[in-house]
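**Student:** If it helps, the file is called input-v8.cif and holds mmCIF, C-alpha atoms and all ligand atoms:
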```cif
data_protein
#
loop_
_atom_site.group_PDB
_atom_site.id
_atom_site.type_symbol
_atom_site.label_atom_id
_atom_site.label_comp_id
_atom_site.auth_asym_id
_atom_site.auth_seq_id
_atom_site.Cartn_x
_atom_site.Cartn_y
_atom_site.Cartn_z
ATOM 1 C CA MET O 29 136.235 46.753 58.462
ATOM 2 C CA ASN O 30 137.116 49.599 60.794
ATOM 3 C CA LEU O 31 138.889 52.362 58.761
ATOM 4 C CA VAL O 32 139.406 54.773 61.669
ATOM 5 C CA PRO O 33 142.604 54.050 63.588
ATOM 6 C CA THR O 34 141.898 53.715 67.293
ATOM 7 C CA PRO O 35 144.402 55.800 69.270
ATOM 8 C CA SER O 36 146.292 54.004 71.948
ATOM 9 C CA PRO O 37 145.495 55.108 75.521
ATOM 10 C CA ARG O 38 148.869 56.873 75.593
ATOM 11 C CA ARG O 39 148.121 58.805 72.323
ATOM 12 C CA LEU O 40 144.635 59.565 73.588
ATOM 13 C CA SER O 41 145.981 61.260 76.687
ATOM 14 C CA ARG O 42 148.386 63.325 74.532
ATOM 15 C CA PHE O 43 145.407 64.390 72.344
ATOM 16 C CA ALA O 44 143.474 65.297 75.457
ATOM 17 C CA LEU O 45 146.345 67.331 76.873
ATOM 18 C CA ALA O 46 146.836 69.195 73.556
ATOM 19 C CA GLY O 47 143.087 69.913 73.391
ATOM 20 C CA PHE O 48 143.060 71.179 76.963
ATOM 21 C CA LEU O 49 146.027 73.508 76.329
ATOM 22 C CA ALA O 50 144.474 74.870 73.121
ATOM 23 C CA ALA O 51 141.184 75.513 74.893
ATOM 24 C CA ALA O 52 142.950 77.191 77.802
ATOM 25 C CA LEU O 53 144.859 79.508 75.433
ATOM 26 C CA LEU O 54 141.804 80.392 73.365
ATOM 27 C CA MET O 55 139.363 80.861 76.256
ATOM 28 C CA PRO O 56 139.027 84.398 77.661
ATOM 29 C CA ALA O 57 140.179 84.589 81.286
ATOM 30 C CA LEU O 58 137.216 84.165 83.664
ATOM 31 C CA PRO O 59 136.626 87.331 85.681
ATOM 32 C CA ALA O 60 137.572 86.956 89.334
ATOM 33 C CA SER O 61 134.312 86.904 91.290
ATOM 34 C CA GLU O 62 133.674 90.428 92.524
ATOM 35 C CA PRO O 63 132.650 91.067 96.108
ATOM 36 C CA PRO O 64 128.994 92.127 96.419
ATOM 37 C CA SER O 65 128.436 95.887 96.198
ATOM 38 C CA PRO O 66 127.138 97.758 99.267
ATOM 39 C CA ALA O 67 123.698 97.933 97.585
ATOM 40 C CA GLU O 68 123.736 94.178 96.984
ATOM 41 C CA ARG O 69 124.766 93.540 100.595
ATOM 42 C CA LEU O 70 121.927 95.743 101.856
ATOM 43 C CA VAL O 71 119.355 93.935 99.755
ATOM 44 C CA HIS O 72 120.456 90.697 101.416
ATOM 45 C CA ALA O 73 120.864 92.167 104.918
ATOM 46 C CA PRO O 74 119.552 89.878 107.650
ATOM 47 C CA HIS O 75 117.827 92.822 109.385
ATOM 48 C CA PRO O 76 115.111 95.296 108.350
ATOM 49 C CA LEU O 77 116.424 98.346 106.523
ATOM 50 C CA VAL O 78 115.800 101.941 107.556
ATOM 51 C CA ILE O 79 115.336 104.046 104.413
ATOM 52 C CA ALA O 80 115.175 107.846 104.602
ATOM 53 C CA HIS O 81 112.350 109.153 102.402
ATOM 54 C CA ARG O 82 113.516 112.143 100.304
ATOM 55 C CA GLY O 83 116.383 112.346 102.817
ATOM 56 C CA TYR O 84 115.616 113.036 106.482
ATOM 57 C CA SER O 85 112.600 115.001 105.257
ATOM 58 C CA ALA O 86 111.075 115.491 108.714
ATOM 59 C CA TRP O 87 114.027 117.676 109.667
ATOM 60 C CA ALA O 88 115.201 119.368 106.456
ATOM 61 C CA PRO O 89 113.641 120.347 103.108
ATOM 62 C CA GLU O 90 112.957 117.134 101.184
ATOM 63 C CA ASN O 91 115.284 116.126 98.353
ATOM 64 C CA THR O 92 118.021 118.637 99.256
ATOM 65 C CA LEU O 93 121.617 118.130 100.343
ATOM 66 C CA PRO O 94 120.974 118.888 104.061
ATOM 67 C CA ALA O 95 118.166 116.296 104.096
ATOM 68 C CA PHE O 96 120.579 113.736 102.623
ATOM 69 C CA GLN O 97 123.321 114.672 105.119
ATOM 70 C CA TYR O 98 120.933 114.360 108.075
ATOM 71 C CA ALA O 99 119.835 110.939 106.822
ATOM 72 C CA LEU O 100 123.438 109.757 106.624
ATOM 73 C CA VAL O 101 124.244 111.101 110.092
ATOM 74 C CA ALA O 102 121.105 109.348 111.377
ATOM 75 C CA GLY O 103 122.497 106.063 110.050
ATOM 76 C CA ALA O 104 119.865 105.399 107.376
ATOM 77 C CA ASP O 105 120.705 102.271 105.368
ATOM 78 C CA LEU O 106 119.551 103.931 102.154
ATOM 79 C CA VAL O 107 118.657 107.496 101.228
ATOM 80 C CA GLU O 108 115.726 107.841 98.855
ATOM 81 C CA LEU O 109 115.289 110.700 96.354
ATOM 82 C CA ASP O 110 113.111 111.516 93.324
ATOM 83 C CA TYR O 111 114.067 113.046 89.993
ATOM 84 C CA HIS O 112 112.572 114.581 86.833
ATOM 85 C CA HIS O 113 114.228 115.885 83.668
ATOM 86 C CA SER O 114 114.717 119.589 82.955
ATOM 87 C CA SER O 115 113.682 120.861 79.502
ATOM 88 C CA ASP O 116 117.262 120.287 78.304
ATOM 89 C CA GLY O 117 117.350 116.699 79.591
ATOM 90 C CA VAL O 118 119.272 117.058 82.878
ATOM 91 C CA PRO O 119 117.956 114.857 85.715
ATOM 92 C CA ILE O 120 116.994 117.198 88.587
ATOM 93 C CA VAL O 121 116.091 116.054 92.110
ATOM 94 C CA LEU O 122 112.493 116.998 92.902
ATOM 95 C CA HIS O 123 109.396 115.083 93.945
ATOM 96 C CA ASP O 124 106.501 116.964 92.337
ATOM 97 C CA THR O 125 105.924 117.464 88.625
ATOM 98 C CA THR O 126 105.655 121.194 89.333
ATOM 99 C CA LEU O 127 107.960 123.621 91.121
ATOM 100 C CA ASP O 128 105.210 125.322 93.141
ATOM 101 C CA ARG O 129 105.335 123.547 96.519
ATOM 102 C CA THR O 130 109.054 123.262 97.257
ATOM 103 C CA THR O 131 110.677 126.210 95.461
ATOM 104 C CA ASP O 132 110.188 129.980 95.073
ATOM 105 C CA ALA O 133 109.368 129.574 91.340
ATOM 106 C CA ILE O 134 105.945 131.241 91.592
ATOM 107 C CA ALA O 135 107.398 134.269 93.414
ATOM 108 C CA ARG O 136 110.177 134.470 90.811
ATOM 109 C CA TRP O 137 108.325 133.769 87.595
ATOM 110 C CA GLY O 138 104.606 134.249 88.386
ATOM 111 C CA GLY O 139 101.698 131.995 87.429
ATOM 112 C CA LYS O 140 101.071 128.581 88.965
ATOM 113 C CA ASP O 141 101.427 124.875 88.187
ATOM 114 C CA LEU O 142 104.919 125.477 86.790
ATOM 115 C CA PRO O 143 106.279 122.195 85.374
ATOM 116 C CA VAL O 144 109.919 121.386 86.119
ATOM 117 C CA ALA O 145 110.143 119.902 82.609
ATOM 118 C CA ARG O 146 109.576 123.345 81.017
ATOM 119 C CA ARG O 147 112.715 124.969 82.469
ATOM 120 C CA THR O 148 116.372 124.459 81.619
ATOM 121 C CA ALA O 149 118.809 123.170 84.207
ATOM 122 C CA ALA O 150 120.439 126.626 84.280
ATOM 123 C CA GLU O 151 117.080 128.273 85.078
ATOM 124 C CA LEU O 152 116.285 125.692 87.755
ATOM 125 C CA ALA O 153 119.679 126.290 89.369
ATOM 126 C CA THR O 154 118.592 129.856 90.212
ATOM 127 C CA LEU O 155 115.666 128.747 92.419
ATOM 128 C CA ASP O 156 115.557 128.619 96.212
ATOM 129 C CA ALA O 157 114.511 125.147 97.374
ATOM 130 C CA GLY O 158 114.712 125.637 101.145
ATOM 131 C CA SER O 159 112.759 128.732 102.170
ATOM 132 C CA TRP O 160 109.370 126.988 102.051
ATOM 133 C CA PHE O 161 110.313 124.660 104.917
ATOM 134 C CA THR O 162 109.761 125.260 108.648
ATOM 135 C CA PRO O 163 112.313 126.220 109.837
ATOM 136 C CA PRO O 164 113.500 127.788 106.552
ATOM 137 C CA PHE O 165 116.795 126.815 104.921
ATOM 138 C CA PRO O 166 117.225 129.872 102.654
ATOM 139 C CA GLY O 167 119.482 129.640 99.628
ATOM 140 C CA LEU O 168 119.295 125.871 99.090
ATOM 141 C CA LYS O 169 119.476 124.745 95.471
ATOM 142 C CA LEU O 170 117.629 121.990 93.641
ATOM 143 C CA PRO O 171 120.368 119.356 93.313
ATOM 144 C CA THR O 172 121.106 117.693 90.019
ATOM 145 C CA LEU O 173 120.722 113.923 90.288
ATOM 146 C CA GLU O 174 124.453 113.547 89.674
ATOM 147 C CA SER O 175 125.450 115.890 92.521
ATOM 148 C CA ALA O 176 122.938 114.332 94.934
ATOM 149 C CA VAL O 177 124.036 110.751 94.263
ATOM 150 C CA ALA O 178 127.701 111.779 94.502
ATOM 151 C CA ALA O 179 127.026 113.320 97.931
ATOM 152 C CA ILE O 180 125.094 110.312 99.244
ATOM 153 C CA GLN O 181 127.447 107.656 97.867
ATOM 154 C CA THR O 182 130.407 109.072 99.803
ATOM 155 C CA ARG O 183 129.143 107.190 102.838
ATOM 156 C CA GLY O 184 125.766 105.644 101.969
ATOM 157 C CA VAL O 185 123.592 104.051 99.318
ATOM 158 C CA THR O 186 121.059 105.953 97.213
ATOM 159 C CA LEU O 187 117.582 104.704 96.402
ATOM 160 C CA ILE O 188 116.873 106.576 93.157
ATOM 161 C CA GLU O 189 113.224 106.981 92.260
ATOM 162 C CA ARG O 190 112.656 107.938 88.661
ATOM 163 C CA LYS O 191 109.562 110.126 88.351
ATOM 164 C CA ALA O 192 110.125 111.140 84.727
ATOM 165 C CA GLY O 193 112.790 110.681 82.064
ATOM 166 C CA ASP O 194 113.986 107.933 79.765
ATOM 167 C CA ALA O 195 115.900 104.856 80.923
ATOM 168 C CA ALA O 196 118.900 105.478 78.628
ATOM 169 C CA THR O 197 119.801 108.757 80.367
ATOM 170 C CA LEU O 198 119.872 107.158 83.814
ATOM 171 C CA VAL O 199 121.755 104.090 82.560
ATOM 172 C CA ARG O 200 124.382 106.353 80.969
ATOM 173 C CA LEU O 201 124.808 108.377 84.162
ATOM 174 C CA LEU O 202 125.206 105.267 86.339
ATOM 175 C CA GLN O 203 127.629 103.664 83.882
ATOM 176 C CA ASP O 204 129.718 106.831 83.435
ATOM 177 C CA ARG O 205 130.038 107.343 87.183
ATOM 178 C CA GLY O 206 130.605 103.654 88.062
ATOM 179 C CA TRP O 207 127.370 103.572 90.069
ATOM 180 C CA VAL O 208 125.732 100.547 88.434
ATOM 181 C CA ASN O 209 124.525 98.383 91.320
ATOM 182 C CA GLN O 210 126.127 100.766 93.813
ATOM 183 C CA VAL O 211 122.643 102.312 94.057
ATOM 184 C CA VAL O 212 119.099 100.946 93.851
ATOM 185 C CA VAL O 213 116.686 102.193 91.154
ATOM 186 C CA GLN O 214 112.915 102.175 91.546
ATOM 187 C CA ALA O 215 109.922 103.451 89.556
ATOM 188 C CA PHE O 216 106.132 103.263 89.482
ATOM 189 C CA ASP O 217 106.357 102.978 85.707
ATOM 190 C CA TRP O 218 107.154 99.313 85.133
ATOM 191 C CA SER O 219 107.794 99.834 81.414
ATOM 192 C CA PHE O 220 110.655 102.161 82.426
ATOM 193 C CA LEU O 221 112.033 99.292 84.547
ATOM 194 C CA ALA O 222 111.759 96.899 81.591
ATOM 195 C CA ASP O 223 113.625 99.394 79.344
ATOM 196 C CA PHE O 224 116.266 99.911 82.020
ATOM 197 C CA ARG O 225 116.773 96.188 82.492
ATOM 198 C CA GLN O 226 117.254 95.658 78.814
ATOM 199 C CA LEU O 227 119.983 98.312 78.708
ATOM 200 C CA GLU O 228 121.674 97.409 82.015
ATOM 201 C CA PRO O 229 120.649 94.008 83.430
ATOM 202 C CA ARG O 230 123.129 94.173 86.340
ATOM 203 C CA GLN O 231 121.268 96.914 88.201
ATOM 204 C CA ILE O 232 119.063 96.093 91.236
ATOM 205 C CA LEU O 233 115.562 97.357 90.453
ATOM 206 C CA GLY O 234 112.532 97.982 92.650
ATOM 207 C CA ALA O 235 108.971 97.935 91.304
ATOM 208 C CA LEU O 236 106.897 100.565 93.081
ATOM 209 C CA GLY O 237 103.220 99.947 93.609
ATOM 210 C CA PRO O 238 100.375 99.735 93.724
ATOM 211 C CA PRO O 239 99.749 101.168 90.270
ATOM 212 C CA GLY O 240 96.911 103.731 90.269
ATOM 213 C CA SER O 241 95.183 102.192 87.267
ATOM 214 C CA ARG O 242 95.223 99.220 84.957
ATOM 215 C CA ASP O 243 94.000 99.080 81.335
ATOM 216 C CA GLY O 244 92.778 102.673 81.711
ATOM 217 C CA ARG O 245 90.615 101.885 84.770
ATOM 218 C CA ARG O 246 91.279 103.156 88.295
ATOM 219 C CA LEU O 247 91.954 100.317 90.714
ATOM 220 C CA THR O 248 89.785 99.712 93.758
ATOM 221 C CA ASP O 249 91.409 99.553 97.208
ATOM 222 C CA ALA O 250 91.039 95.764 97.173
ATOM 223 C CA GLU O 251 92.832 95.521 93.819
ATOM 224 C CA LYS O 252 95.691 97.625 95.164
ATOM 225 C CA PHE O 253 96.449 95.029 97.825
ATOM 226 C CA LEU O 254 99.730 93.220 97.217
ATOM 227 C CA ASN O 255 98.747 89.797 95.859
ATOM 228 C CA ALA O 256 100.274 86.835 94.042
ATOM 229 C CA ASP O 257 99.422 88.326 90.649
ATOM 230 C CA TRP O 258 101.340 91.573 91.288
ATOM 231 C CA ILE O 259 104.248 89.632 92.770
ATOM 232 C CA ASP O 260 104.461 87.314 89.772
ATOM 233 C CA GLN O 261 104.425 90.289 87.381
ATOM 234 C CA ILE O 262 107.246 91.952 89.326
ATOM 235 C CA HIS O 263 109.216 88.713 89.351
ATOM 236 C CA ALA O 264 108.760 88.350 85.579
ATOM 237 C CA LEU O 265 109.983 91.928 85.138
ATOM 238 C CA GLY O 266 113.322 90.975 86.691
ATOM 239 C CA ALA O 267 112.971 93.447 89.577
ATOM 240 C CA ARG O 268 114.397 92.301 92.902
ATOM 241 C CA LEU O 269 112.282 94.482 95.196
ATOM 242 C CA VAL O 270 108.591 95.018 95.717
ATOM 243 C CA VAL O 271 108.213 98.553 97.072
ATOM 244 C CA TRP O 272 104.603 98.865 98.158
ATOM 245 C CA ASN O 273 102.310 101.061 100.131
ATOM 246 C CA ARG O 274 100.826 99.660 103.318
ATOM 247 C CA GLN O 275 98.240 97.390 101.581
ATOM 248 C CA ILE O 276 100.018 94.151 102.442
ATOM 249 C CA ASP O 277 99.724 91.181 104.780
ATOM 250 C CA ALA O 278 102.040 88.423 106.007
ATOM 251 C CA ALA O 279 100.891 85.983 103.279
ATOM 252 C CA ALA O 280 101.824 88.461 100.524
ATOM 253 C CA VAL O 281 105.241 89.030 102.096
ATOM 254 C CA ARG O 282 105.773 85.243 102.279
ATOM 255 C CA HIS O 283 104.785 84.848 98.629
ATOM 256 C CA ALA O 284 107.241 87.574 97.613
ATOM 257 C CA HIS O 285 109.992 85.907 99.643
ATOM 258 C CA ASP O 286 109.198 82.553 97.996
ATOM 259 C CA ARG O 287 109.801 84.267 94.638
ATOM 260 C CA GLY O 288 113.143 85.597 95.925
ATOM 261 C CA LEU O 289 111.866 89.193 96.187
ATOM 262 C CA LYS O 290 112.356 91.582 99.100
ATOM 263 C CA VAL O 291 109.525 93.798 100.326
ATOM 264 C CA TRP O 292 110.029 97.439 101.265
ATOM 265 C CA ILE O 293 107.111 99.594 102.451
ATOM 266 C CA TYR O 294 106.524 103.379 102.151
ATOM 267 C CA THR O 295 105.972 105.882 103.792
ATOM 268 C CA ILE O 296 105.711 104.929 107.455
ATOM 269 C CA ASN O 297 106.151 107.548 110.159
ATOM 270 C CA GLU O 298 104.256 105.901 113.036
ATOM 271 C CA GLY O 299 106.088 103.511 115.366
ATOM 272 C CA PRO O 300 103.151 101.114 116.046
ATOM 273 C CA LEU O 301 102.424 100.730 112.310
ATOM 274 C CA ALA O 302 106.119 100.130 111.618
ATOM 275 C CA ALA O 303 106.108 97.447 114.350
ATOM 276 C CA GLU O 304 103.062 95.767 112.788
ATOM 277 C CA LEU O 305 104.691 95.742 109.336
ATOM 278 C CA LEU O 306 107.936 94.387 110.741
ATOM 279 C CA SER O 307 105.984 91.561 112.400
ATOM 280 C CA MET O 308 104.679 90.647 108.904
ATOM 281 C CA GLY O 309 108.290 90.146 107.819
ATOM 282 C CA VAL O 310 108.888 93.192 105.625
ATOM 283 C CA ASP O 311 112.536 93.795 104.751
ATOM 284 C CA GLY O 312 112.685 97.584 104.724
ATOM 285 C CA ILE O 313 110.682 100.623 105.758
ATOM 286 C CA ILE O 314 110.828 103.987 104.020
ATOM 287 C CA THR O 315 110.247 106.842 106.429
ATOM 288 C CA ASP O 316 110.498 110.634 106.688
ATOM 289 C CA HIS O 317 111.805 110.142 110.214
ATOM 290 C CA PRO O 318 114.491 107.448 110.602
ATOM 291 C CA ALA O 319 114.769 108.040 114.382
ATOM 292 C CA ILE O 320 111.186 106.805 114.887
ATOM 293 C CA LEU O 321 112.113 103.609 113.120
ATOM 294 C CA TRP O 322 115.312 103.140 115.096
ATOM 295 C CA ARG O 323 113.269 103.477 118.301
ATOM 296 C CA THR O 324 110.750 100.896 117.030
ATOM 297 C CA LEU O 325 113.537 98.478 116.147
ATOM 298 C CA ALA O 326 115.223 99.034 119.516
ATOM 299 C CA ARG O 327 111.967 98.272 121.320
ATOM 300 C CA GLN O 328 111.571 95.044 119.348
ATOM 301 C CA ALA O 329 115.086 93.851 120.159
ATOM 302 C CA PRO O 330 115.355 91.219 122.893
ATOM 303 C CA HIS O 331 116.129 92.777 126.294
ATOM 304 C CA PRO O 332 119.547 92.021 127.730
ATOM 305 C CA ARG O 333 119.385 90.001 131.002
HETATM 306 O O1 LIG Y 1 110.082 105.364 98.010
HETATM 307 C C1 LIG Y 1 108.728 105.242 97.782
HETATM 308 C C2 LIG Y 1 107.989 106.521 97.874
HETATM 309 O O2 LIG Y 1 108.860 107.596 97.806
HETATM 310 C C3 LIG Y 1 106.975 106.639 96.779
HETATM 311 O O3 LIG Y 1 106.118 107.693 96.958
HETATM 312 O O4 LIG Y 1 105.246 109.866 96.231
HETATM 313 O O5 LIG Y 1 106.828 109.756 98.102
HETATM 314 O O6 LIG Y 1 107.609 109.360 95.804
HETATM 315 P P1 LIG Y 1 106.496 109.239 96.765
HETATM 316 CA CA CA Y 2 109.843 108.879 96.173
#
```
As structure tokens, how would this structure be written, given the file I've shared?
**Tutor:**
Amino acid sequence: MNLVPTPSPRRLSRFALAGFLAAALLMPALPASEPPSPAERLVHAPHPLVIAHRGYSAWAPENTLPAFQYALVAGADLVELDYHHSSDGVPIVLHDTTLDRTTDAIARWGGKDLPVARRTAAELATLDAGSWFTPPFPGLKLPTLESAVAAIQTRGVTLIERKAGDAATLVRLLQDRGWVNQVVVQAFDWSFLADFRQLEPRQILGALGPPGSRDGRRLTDAEKFLNADWIDQIHALGARLVVWNRQIDAAAVRHAHDRGLKVWIYTINEGPLAAELLSMGVDGIITDHPAILWRTLARQAPHPR
């Protein structure tokens, strides 16, 4: 004997309607799909990207505001910079671990091999970061990461390379300023990328390579070549970009593309080498001298008839 009353088709449709309405009222509204950010659009651009290394560093002191301005005026798709933390935890734009090469720290404080991480942000703000360059740019300051990104993002996209510092500090800065996925973040330290991804999975990440060593052993030149193993590790990390030195070939680029990764190459300042890399299918070239790259790309373009 069937004890469960079978609803008539008419009652069934009323049940269904009531269920649908209840679900609609209880369900959170789906977010309207957001348009892709400029960084996202660049990563998917159907043309090779021109990326200014430490700003337009052939023409102005690297990692300073004039170098970033020159890069933007030169039409670079992205502007790369490097940062470390000061002793009080402020991200400061600088390439080297020490202040010696690109500031007047030795003249000011004496000694040598002066680590950026041993000085407060206030102390670092007193240094001259432009007089070492030829021609000199006296009076330039070491930018904070926040001021540099703010300057670049007014009309461009920043490629932030973390040299030192924890992931949480960078995540907080990008979240506070609304820069998540408006910039691209890259690092040689893949554990930093894993930490970052855990805290902020929306951000586009680039895995820099080749690593200098593995399991405490220095890698040979052959091991530094971009291969399927490296690509699979980067894919598993959740990074979207392989940012490699010139040890690549067309097969490695194809393998990366098959995994859905883009390949950007650093640091290329010679036109013929850039042309060779472009013929392998790389998606972006990082250069001190964007104009050389523009000329290479112009020469590769089909001639008008
Ligand atoms: O953007 C990649 C490139 O900048 C990595 O090398 O030493 O110039 O920071 P490095
Ligand atoms: Ca760099």
**Student:** Give me, as a tab-separated table, the closest atom pair and its distance (Å, one decimal) for every residue of range 87-111 of chain O within a cut-off of 10 Å of range 309-323 of chain O, counting all atoms listed in the file, rows sorted by chain and rising number.
**Tutor:**
```
residue	atom	partner	partner_atom	distance
O:Trp87	CA	O:His317	CA	7.9
O:Ala88	CA	O:Asp316	CA	9.9
O:Glu90	CA	O:Asp316	CA	8.9
O:Ala95	CA	O:Asp316	CA	9.9
O:Tyr98	CA	O:Pro318	CA	9.8
O:Ala99	CA	O:Pro318	CA	7.4
O:Ala102	CA	O:Pro318	CA	6.9
O:Gly103	CA	O:Pro318	CA	8.1
O:Ala104	CA	O:Pro318	CA	6.6
O:Asp105	CA	O:Gly312	CA	9.3
O:Leu106	CA	O:Ile314	CA	8.9
O:Val107	CA	O:Ile314	CA	9.0
O:Glu108	CA	O:Ile314	CA	8.1
```
**Student:** Expand the PyMOL selection byres (((chain O and resi 113) around 9) and not hetatm) into the explicit residue set it covers here, and present it as a compact mmCIF listing (two decimals) with C-alpha atoms, keeping the file's coordinate frame.
**Tutor:**
```
# COMPACT_ATOMS: atom_id res chain seq x y z
CA TYR O 111 114.07 113.05 89.99
CA HIS O 112 112.57 114.58 86.83
CA SER O 114 114.72 119.59 82.96
CA SER O 115 113.68 120.86 79.50
CA ASP O 116 117.26 120.29 78.30
CA GLY O 117 117.35 116.70 79.59
CA VAL O 118 119.27 117.06 82.88
CA PRO O 119 117.96 114.86 85.72
CA ILE O 120 116.99 117.20 88.59
CA VAL O 121 116.09 116.05 92.11
CA VAL O 144 109.92 121.39 86.12
CA ALA O 145 110.14 119.90 82.61
CA ALA O 149 118.81 123.17 84.21
CA LYS O 191 109.56 110.13 88.35
CA ALA O 192 110.12 111.14 84.73
CA GLY O 193 112.79 110.68 82.06
CA ASP O 194 113.99 107.93 79.76
```
**Student:** For the contact check between chain O and ligand CA 2 (chain Y), emit one row per residue of chain O within 9 Å, containing the shortest atom pair and the distance in Å rounded to one decimal, counting all atoms listed in the file, chain then rising number order, as a Markdown table.
**Tutor:**
```
| residue | atom | partner | partner_atom | distance |
| --- | --- | --- | --- | --- |
| O:His81 | CA | Y:CA2 | CA | 6.7 |
| O:Arg82 | CA | Y:CA2 | CA | 6.4 |
| O:Glu108 | CA | Y:CA2 | CA | 6.5 |
| O:Leu109 | CA | Y:CA2 | CA | 5.7 |
| O:Asp110 | CA | Y:CA2 | CA | 5.1 |
| O:Tyr111 | CA | Y:CA2 | CA | 8.6 |
| O:His123 | CA | Y:CA2 | CA | 6.6 |
| O:Leu187 | CA | Y:CA2 | CA | 8.8 |
| O:Ile188 | CA | Y:CA2 | CA | 8.0 |
| O:Glu189 | CA | Y:CA2 | CA | 5.5 |
| O:Arg190 | CA | Y:CA2 | CA | 8.1 |
| O:Lys191 | CA | Y:CA2 | CA | 7.9 |
| O:Gln214 | CA | Y:CA2 | CA | 8.7 |
| O:Ala215 | CA | Y:CA2 | CA | 8.6 |
| O:Tyr294 | CA | Y:CA2 | CA | 8.8 |
```
**Student:** Would you translate the PyMOL selection byres (((chain O and resi 94) around 12) and not hetatm) into the concrete set of residues it matches in this file, as a ChimeraX atom specification?
**Tutor:** /O:82-93,95-101,107,157-158,164-171,176,179-180
**Student:** What does the distance from CA of Ile232 in chain O to CA of Gly244 in chain O come to in Å, to one decimal?
**Tutor:**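 Atom-to-atom, CA of Ile232 in chain O to CA of Gly244 in chain O, that is 28.7 Å.
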**Student:** Report the distance between CA of Gly234 in chain O and CA of Lys252 in chain O in Å, rounded to one decimal place.
**Tutor:** 17.0 Å
**Student:** Carefully work through the PyMOL selection byres (((chain O and resi 255) around 9) and not hetatm) for this structure and note down the residues it includes, as an mmCIF file with C-alpha atoms, in the frame of the given file.
**Tutor:**
```
data_model
loop_
_atom_site.group_PDB
_atom_site.id
_atom_site.type_symbol
_atom_site.label_atom_id
_atom_site.label_comp_id
_atom_site.auth_asym_id
_atom_site.auth_seq_id
_atom_site.Cartn_x
_atom_site.Cartn_y
_atom_site.Cartn_z
ATOM 1 C CA GLU O 251 92.832 95.521 93.819
ATOM 2 C CA LYS O 252 95.691 97.625 95.164
ATOM 3 C CA PHE O 253 96.449 95.029 97.825
ATOM 4 C CA LEU O 254 99.730 93.220 97.217
ATOM 5 C CA ALA O 256 100.274 86.835 94.042
ATOM 6 C CA ASP O 257 99.422 88.326 90.649
ATOM 7 C CA TRP O 258 101.340 91.573 91.288
ATOM 8 C CA ILE O 259 104.248 89.632 92.770
ATOM 9 C CA ASP O 260 104.461 87.314 89.772
ATOM 10 C CA ILE O 276 100.018 94.151 102.442
ATOM 11 C CA ALA O 279 100.891 85.983 103.279
ATOM 12 C CA ALA O 280 101.824 88.461 100.524
ATOM 13 C CA HIS O 283 104.785 84.848 98.629
ATOM 14 C CA ALA O 284 107.241 87.574 97.613
#
```
**Student:** Which residue, O:Gln210, O:Pro76, O:Arg205, O:Leu247, has the smallest gap to Thr186 in chain O when you use all atoms listed in the file?
**Tutor:**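 Counting all atoms listed in the file, the residue closest to Thr186 in chain O is O:Gln210.
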**Student:** Can you work out which one of O:His331, O:Arg287, O:His263, O:Arg274 has the shortest atom-to-atom distance to ligand LIG 1 (chain Y), counting only C-alpha atoms and all ligand atoms?
**Tutor:** O:Arg274
**Student:** Once you add 3 Å to each side, what are the centre and edge lengths of the axis-aligned box holding all listed atoms of range 277-286 of chain O? One decimal in Å, as AutoDock Vina command-line options, if you can.
**Tutor:**
```
--center_x 104.9 --center_y 86.9 --center_z 101.8 --size_x 16.3 --size_y 14.6 --size_z 14.4
```
**Student:** Mind giving me the straight-line distance from CA of Ser65 in chain O to CA of Val185 in chain O in Å, one decimal?
**Tutor:** 10.0 Å
**Student:** In terms of the shortest atom-to-atom distance over only C-alpha atoms and all ligand atoms, which of O:Val281, O:Ile262, O:Ala80, O:Leu325 is closest to ligand LIG 1 (chain Y)?
**Tutor:**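 Closest residue, counting only C-alpha atoms and all ligand atoms: O:Ala80.
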**Student:** Using only C-alpha atoms - which residues lie no farther than 12 Å from the point (93.4, 102.2, 96.4) in the file's frame? Write them as a PyMOL selection string.
**Tutor:** chain O and resi 237-242+245-254+272-275
**Student:** Quick one: of O:Asp156, O:Gln181, O:Arg147, O:Leu173, who's nearest to Ala135 in chain O, counting all atoms listed in the file?
**Tutor:**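 Going through O:Asp156, O:Gln181, O:Arg147, O:Leu173 one by one, the smallest distance to Ala135 in chain O is for O:Asp156.
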**Student:** Looking at only C-alpha atoms and all ligand atoms, which of O:Ala264, O:Val199, O:Ile293, O:Ala222 is the one that sits closest to ligand LIG 1 (chain Y)?
**Tutor:**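 Once distances to ligand LIG 1 (chain Y) are computed over only C-alpha atoms and all ligand atoms, the minimum belongs to O:Ile293.
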**Student:** Produce range 76-90 of chain O of the given structure as output with C-alpha atoms, as an mmCIF file, in the first residue's frame.
**Tutor:**
```cif
data_model
loop_
_atom_site.group_PDB
_atom_site.id
_atom_site.type_symbol
_atom_site.label_atom_id
_atom_site.label_comp_id
_atom_site.auth_asym_id
_atom_site.auth_seq_id
_atom_site.Cartn_x
_atom_site.Cartn_y
_atom_site.Cartn_z
ATOM 1 C CA PRO O 76 53.887 40.507 -27.327
ATOM 2 C CA LEU O 77 54.201 42.824 -24.344
ATOM 3 C CA VAL O 78 56.926 45.419 -23.877
ATOM 4 C CA ILE O 79 57.883 45.529 -20.190
ATOM 5 C CA ALA O 80 60.189 48.241 -18.840
ATOM 6 C CA HIS O 81 62.774 46.718 -16.489
ATOM 7 C CA ARG O 82 63.119 48.807 -13.292
ATOM 8 C CA GLY O 83 61.411 51.556 -15.316
ATOM 9 C CA TYR O 84 63.119 52.923 -18.433
ATOM 10 C CA SER O 85 66.415 52.113 -16.719
ATOM 11 C CA ALA O 86 68.579 52.812 -19.776
ATOM 12 C CA TRP O 87 67.621 56.478 -19.572
ATOM 13 C CA ALA O 88 67.015 57.233 -15.882
ATOM 14 C CA PRO O 89 68.178 55.807 -12.533
ATOM 15 C CA GLU O 90 66.549 52.392 -12.118
#
```
